[in-house]
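Chemist: One structure follows; several queries about it will come next.
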Amino acid sequence: MRNRYLTAAVMGLMCGLCSVLHAADVTMLAIEGRRMTPDQVATVEKKVQENPKNIEARTQLLGYYFAKQYTDTAARKAKQENVLWLIENKPEAGVLGTPFGQLDMVLDGSAYTRGKQAWEKQLKAQPDNLTLLEHSANYFLLPDRELAKKSLKKAQKLDADNPQWARKLGQLYSLDMQSSSSLKVQKEAATKALEQLEIAYQLSANQAKDALLKSLAQAALVAGDTEKAKQYAELMLNQIGSDWNSGNNEHYGNITLGEIALAEGDVDAAKQYLIKAGKTKGSPQLNSFGPDFGLAKALLEKDQKEVVLEYLALCGNFWVLGKDRLAEWTKSINDNQIPKTLR
């Protein structure tokens, strides 16, 4: 259960404020950079040499280096140099609020440490700069989660009516919840996540509220607040319409209610909720990352083979990218095995 939504949570946290350029513009520039030819890269690199303050050119280069860094040592080094220059000289640059402007503690080693020190220096010089607080939180997100929380808590204190700080803190605590194997730690983190996500929910409006329901239900469930988990699940099911998130609401609302039913010993109700979850029309997230299989696995462990096979077949209607995995799991279940990779 703790791995659910992990990818989505990380992706959501990496969407920072882009003070120099609008977030969409920054992302498009970086994507354009990924498509550059070697000749075009050389031209853009020359622009940076001639004018180190050309942030748009650096953004394009970081897009180009982003994919190349894993197979090209020179590209990784160039990426490191550009990110470090930006942190040290233009920390409000929009690309530093995106995945293109981050360094990895393991892969980038000493460059990551230098970036960490540079962020700490910038925050000391401008402790009340909301953009720097958010960009630094993105940088610290995975390797130094406590520092990320420190930046977000400071931003929340300065900008209390803005729901994004509570939302991001809630997502960070959700990461703690999902990455721990300790039930005690999971529950403690879930309680903190629920508190922050509820603050974000109260401060948000319309679609922003709707997008929080899945995380709220999951945090409440792990925190042991079954009544709140039910309430948020039912809100999800009441939000089903034609927007992009409707498929998620139908799926995760039913999964949550199914998990609650199973925990209460009502296997038949859990089976019904599983099938309802499988009948979702899908969504951009479900179609890419796949549906939730936690309830399905729990039912398999209670010898409910047929309903799980039906669920897998339903998931094949929208999770086309996972057809090979679904076929593999179906075969294993028909052979009376519980697939080890079923998540």
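Numbering starts fresh at 1 for the residues of each chain in the structure tokens, the chains themselves are lettered A, B, ... in the order given, and ligands are numbered from 1 as they appear.
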Which polymer residues have any atom within 12 Å of an atom of Ala298 of chain A, counting only C-alpha atoms, with same-chain residues fewer than 5 positions away left out, as a count of residues only?
Modeler: 24
Chemist: I'd like to know which of A:Met28, A:Cys315, A:Leu300, A:Leu86 is closest to Asn336 of chain A, using only C-alpha atoms.
Modeler: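 With only C-alpha atoms as the atom set, the closest residue is A:Leu300.
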Chemist: Can you pull out the residues contacting segment 219-231 of chain A? Cut-off 6 Å, using only C-alpha atoms, and skip same-chain residues under 2 positions away; I want them as a list of chain:residue names.
Modeler: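 That gives A:Lys187, A:Ala190, A:Thr191, A:Leu194, A:Leu216, A:Ala217, A:Ala233, A:Glu234.
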Chemist: From the set A:Glu134, A:Asp25, A:Asp144, A:Asp108, which residue has the shortest atom-to-atom contact distance to Pro91 of chain A, counting only C-alpha atoms?
Modeler: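 So, comparing all the options, the nearest one is A:Glu134.
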